[in-house]
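See structure below.
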Amino acid sequence: MARRALKLASLATAAAATTGFYLYGNKHLDPNDFGVVRVGRAFATTAVITFDYLTSLRSVSRGTEEYESVKSQVHLRSAERLRDLCCANRGTFIKVGQHLGALDYLLPEEYTRTLKVLHSQAPQSSRQEIEQVILEDLGKGIPKIYWELSTKRVLFMEFMEGGQVNDKAYMERNCINVNEISYNLGKMYSEMIFVNGFVHCDPHPGNVLVKKCPSTGKTHIILLDHGLYQVLSENFRLDYCRLWQALIKSDMKRVQKYSRRLGAGDLYPLFACMLTARSWESVNRGIDRLPVTKQEDVEIRTNAAMYLPQITKLLNSVPRQMLLLLKTNDLLRGIESALQTRASASSFLNMSRCCIRAVSTHQRSKSDSLYRKAQISISEALSLWQINLYELFLRLKGSQLGNWVIAFLSWMHHSS
């Protein structure tokens, strides 16, 4: 029983730590914010719990009343440490703790009793903290609303200064990184579309401003004109998630399946090309593997004119939700074109993260088995961790340090 509890406790804290890697990978590398503090805290807690079990039960005879008493005390101490870890790290760690608190059939009673407090008394974030997270993670500005001047038909908000998101010259004058803006804009819309299902569908350059805060040096994206939002139905949002997962993995059977479910019918190859702005050949080979070439750009423009009747037919077949998303995609691509940034492997990784989170959340909501819910959560964390490792590999590959490591390994190979 002690070994089983130790294994489950280690699995619980390891799951929390793995989920932590996912959060860490969703931010720019900042050791003071997450990398050292939260992940380090999770592994330290795992080590302390493991050590407590190994040392406390070592000298006590198994099967005696003393053994059961000591074991219960260790369970309680470990559960309290795990609860404190979840409260300290907050965020997804709280979700992990809440799941563990519901596993009455799997974990010792001391664990479930202690962790159940997270179901109703989890640490709460203030509005100021929430706004700060939005600013730090997404760089999204939140205009102040003057409710006393607003009506049901008129929303009166503060005037926000900044340059239009397609004004590359403005960004260069103000030392704003265009790749960072493109990355964060894509990340922001992935959250809206795949996770929340509540999408600002009019991101033309006049509605998206950027500015650098003089006091902090951080760059903000300011979203204006909130009059055109689309609420995506759950079925539509999940089918759209799975379609993008299939496109990224070049799983053509699933591309066809979910394109048809979204109304494309036999025109699913054209639909896939319209969504990705890539040629059918690139869709088959993998849209995250090959960059867009000038030849492919010419091919896409030529085919757009050639297949205009089919495009019109397709647009008449898909639901209104899809029409607004296609419009949104086109506006975002127009911004990318103006900034001379194109969808990279990193942006597809962000989309993959959002799709995994959305599908996993849906699967948990449809399952009555607590064990199955725990399986889904751990599988989700591991999948996100794999994406983070791949993203880290891409960053190292493109860095000077990565070039040095590759050169050194090549030299070692030829010297042996």
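Residue numbers start at 1 in each chain; chains themselves are named A, B, ... in the order of the structure tokens; ligands are numbered from 1 in the order shown.
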
Legend entry - Shell of 10 Å around region 347-353 of chain A, only C-alpha atoms, local chain residues under 4 positions omitted, as number ranges by chain: A: 22, 25-26, 182-191, 193-195, 241-242, 244-245, 248-249, 287-288, 342-343, 357-358, 380, 383-385, 387-388, 390-391

Saved selection, atoms kept: N, CA, C and O atoms, as a short mmCIF file (atom, residue, chain, number, x, y, z; two decimals), in the first residue's frame:
```cif
data_model
loop_
_atom_site.label_atom_id
_atom_site.label_comp_id
_atom_site.auth_asym_id
_atom_site.auth_seq_id
_atom_site.Cartn_x
_atom_site.Cartn_y
_atom_site.Cartn_z
N TYR A 22 4.18 22.97 -19.71
CA TYR A 22 3.31 23.51 -20.76
C TYR A 22 3.12 25.01 -20.56
O TYR A 22 3.23 25.80 -21.48
N GLY A 25 6.21 26.88 -21.43
CA GLY A 25 6.44 26.99 -22.86
C GLY A 25 5.52 27.99 -23.52
O GLY A 25 5.77 28.45 -24.62
N ASN A 26 4.41 28.37 -22.84
CA ASN A 26 3.49 29.33 -23.43
C ASN A 26 3.92 30.77 -23.19
O ASN A 26 3.27 31.69 -23.62
N SER A 182 3.30 39.55 -34.61
CA SER A 182 2.63 38.53 -35.41
C SER A 182 2.38 37.26 -34.58
O SER A 182 1.29 36.66 -34.64
N TYR A 183 3.37 36.86 -33.80
CA TYR A 183 3.27 35.67 -32.94
C TYR A 183 2.15 35.84 -31.91
O TYR A 183 1.29 34.97 -31.75
N ASN A 184 2.15 36.99 -31.22
CA ASN A 184 1.16 37.20 -30.16
C ASN A 184 -0.24 37.39 -30.71
O ASN A 184 -1.22 36.99 -30.08
N LEU A 185 -0.35 38.00 -31.89
CA LEU A 185 -1.67 38.15 -32.51
C LEU A 185 -2.25 36.79 -32.88
O LEU A 185 -3.42 36.50 -32.64
N GLY A 186 -1.40 35.92 -33.44
CA GLY A 186 -1.85 34.57 -33.77
C GLY A 186 -2.22 33.77 -32.53
O GLY A 186 -3.22 33.04 -32.51
N LYS A 187 -1.43 33.95 -31.48
CA LYS A 187 -1.71 33.25 -30.22
C LYS A 187 -3.03 33.72 -29.61
O LYS A 187 -3.84 32.91 -29.14
N MET A 188 -3.26 35.02 -29.67
CA MET A 188 -4.49 35.59 -29.13
C MET A 188 -5.72 35.05 -29.85
O MET A 188 -6.72 34.66 -29.23
N TYR A 189 -5.64 34.96 -31.18
CA TYR A 189 -6.79 34.47 -31.95
C TYR A 189 -6.96 32.96 -31.82
O TYR A 189 -8.08 32.45 -31.88
N SER A 190 -5.88 32.23 -31.63
CA SER A 190 -6.00 30.79 -31.38
C SER A 190 -6.77 30.53 -30.10
O SER A 190 -7.63 29.63 -30.03
N GLU A 191 -6.49 31.34 -29.07
CA GLU A 191 -7.23 31.21 -27.80
C GLU A 191 -8.71 31.52 -28.02
O GLU A 191 -9.59 30.81 -27.53
N ILE A 193 -10.53 31.40 -30.81
CA ILE A 193 -11.23 30.47 -31.72
C ILE A 193 -11.34 29.07 -31.13
O ILE A 193 -12.44 28.51 -31.00
N PHE A 194 -10.20 28.48 -30.77
CA PHE A 194 -10.19 27.07 -30.40
C PHE A 194 -10.60 26.81 -28.96
O PHE A 194 -11.24 25.80 -28.66
N VAL A 195 -10.24 27.70 -28.05
CA VAL A 195 -10.48 27.46 -26.62
C VAL A 195 -11.77 28.10 -26.15
O VAL A 195 -12.61 27.45 -25.52
N CYS A 241 -11.34 22.44 -34.49
CA CYS A 241 -10.10 22.04 -33.79
C CYS A 241 -9.51 20.79 -34.43
O CYS A 241 -8.31 20.73 -34.74
N ARG A 242 -10.35 19.79 -34.61
CA ARG A 242 -9.87 18.50 -35.14
C ARG A 242 -9.43 18.63 -36.60
O ARG A 242 -8.51 17.93 -37.03
N TRP A 244 -7.98 21.31 -37.89
CA TRP A 244 -6.65 21.91 -37.86
C TRP A 244 -5.60 20.93 -37.36
O TRP A 244 -4.46 20.92 -37.84
N GLN A 245 -5.97 20.09 -36.40
CA GLN A 245 -5.03 19.05 -35.97
C GLN A 245 -4.68 18.13 -37.13
O GLN A 245 -3.52 17.74 -37.30
N ILE A 248 -2.35 19.97 -39.62
CA ILE A 248 -0.98 20.08 -39.13
C ILE A 248 -0.26 18.74 -39.20
O ILE A 248 0.94 18.68 -39.49
N LYS A 249 -1.00 17.65 -38.98
CA LYS A 249 -0.40 16.31 -39.03
C LYS A 249 -0.41 15.70 -40.43
O LYS A 249 0.06 14.58 -40.62
N ILE A 287 2.01 21.41 -43.80
CA ILE A 287 2.08 22.87 -43.86
C ILE A 287 3.07 23.46 -42.87
O ILE A 287 3.48 24.61 -43.00
N ASP A 288 3.47 22.67 -41.86
CA ASP A 288 4.44 23.18 -40.88
C ASP A 288 5.88 22.79 -41.23
O ASP A 288 6.80 23.14 -40.49
N ARG A 342 5.21 35.29 -42.12
CA ARG A 342 4.30 34.24 -42.56
C ARG A 342 4.20 33.20 -41.47
O ARG A 342 5.08 33.08 -40.61
N ALA A 343 3.11 32.43 -41.51
CA ALA A 343 2.90 31.41 -40.48
C ALA A 343 4.10 30.49 -40.40
O ALA A 343 4.54 29.92 -41.39
N ARG A 357 -5.89 21.46 -25.80
CA ARG A 357 -6.59 21.89 -24.59
C ARG A 357 -8.09 21.85 -24.79
O ARG A 357 -8.85 21.39 -23.90
N ALA A 358 -8.56 22.32 -25.95
CA ALA A 358 -10.00 22.37 -26.20
C ALA A 358 -10.60 20.97 -26.27
O ALA A 358 -11.64 20.71 -25.64
N GLU A 380 -3.10 14.95 -21.78
CA GLU A 380 -3.05 16.33 -22.26
C GLU A 380 -1.73 16.99 -21.87
O GLU A 380 -1.05 17.62 -22.70
N SER A 383 1.16 15.56 -23.90
CA SER A 383 1.14 16.03 -25.29
C SER A 383 1.66 17.46 -25.39
O SER A 383 2.43 17.81 -26.29
N LEU A 384 1.24 18.29 -24.44
CA LEU A 384 1.70 19.68 -24.43
C LEU A 384 3.19 19.76 -24.12
O LEU A 384 3.91 20.61 -24.68
N TRP A 385 3.65 18.88 -23.26
CA TRP A 385 5.08 18.84 -22.93
C TRP A 385 5.90 18.46 -24.15
O TRP A 385 6.97 19.02 -24.40
N ILE A 387 5.12 19.08 -27.25
CA ILE A 387 5.15 20.25 -28.11
C ILE A 387 6.20 21.25 -27.61
O ILE A 387 6.95 21.83 -28.40
N ASN A 388 6.27 21.42 -26.29
CA ASN A 388 7.25 22.35 -25.73
C ASN A 388 8.68 21.90 -26.01
O ASN A 388 9.56 22.72 -26.29
N TYR A 390 9.63 20.13 -28.57
CA TYR A 390 9.90 20.36 -29.99
C TYR A 390 10.15 21.84 -30.26
O TYR A 390 11.03 22.20 -31.04
N GLU A 391 9.38 22.71 -29.59
CA GLU A 391 9.58 24.14 -29.76
C GLU A 391 10.95 24.56 -29.23
O GLU A 391 11.64 25.40 -29.84
#
```

Inset, instruction - Can you check which residues of region 116-215 of chain A DSSP gives as strand (DSSP E or B) on the backbone and send them as JSON, numbers by chain? - result: {"A": [140, 141, 145, 157, 163, 164, 198, 199, 200, 208, 209, 210, 211, 212]}

Inset, instruction - Select, from A:Cys201, A:Arg395, A:Ala277, A:Val210, the residue with the minimum atom-to-atom distance to Arg320 (chain A), counting only C-alpha atoms. - result: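 Smallest distance to Arg320 (chain A) is found for A:Cys201.
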
Inset, instruction - Pick out the residues sitting within 9 Å of Val283 (chain A), and hand them over as a list in words; count only C-alpha atoms, and ignore anything fewer than 3 positions along from it in its own chain. - result: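 My reading of the contact set: Leu247, Ile248, Ser250, Met252, Pro269, Ala272, Cys273, Thr276, Arg278, Ser279, Trp280, Gly286 and Ile287 of chain A.
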
Mind writing the picked residues with C-alpha atoms as a PDB file, in the first residue's frame?
```
ATOM      1  CA  LEU A 247      -4.047  19.651 -41.331  1.00  0.00           C
ATOM      2  CA  ILE A 248      -0.985  20.085 -39.130  1.00  0.00           C
ATOM      3  CA  SER A 250      -1.124  15.891 -42.780  1.00  0.00           C
ATOM      4  CA  MET A 252      -5.743  13.558 -45.158  1.00  0.00           C
ATOM      5  CA  PRO A 269      -9.307  20.042 -51.039  1.00  0.00           C
ATOM      6  CA  ALA A 272      -8.149  23.047 -46.959  1.00  0.00           C
ATOM      7  CA  CYS A 273      -6.191  25.302 -49.304  1.00  0.00           C
ATOM      8  CA  THR A 276      -4.180  27.339 -44.808  1.00  0.00           C
ATOM      9  CA  ARG A 278      -1.195  26.874 -49.069  1.00  0.00           C
ATOM     10  CA  SER A 279      -1.206  24.746 -52.200  1.00  0.00           C
ATOM     11  CA  TRP A 280      -2.760  21.270 -52.158  1.00  0.00           C
ATOM     12  CA  GLY A 286       2.814  19.170 -44.248  1.00  0.00           C
ATOM     13  CA  ILE A 287       2.077  22.871 -43.862  1.00  0.00           C
TER      14      ILE A 287
END
```

Inset, instruction - Measuring atom to atom with only C-alpha atoms, identify which of A:Ala338, A:Val359, A:Asn329, A:Met171 is nearest to Leu238 (chain A). - result: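 Nearest to Leu238 (chain A): A:Val359.
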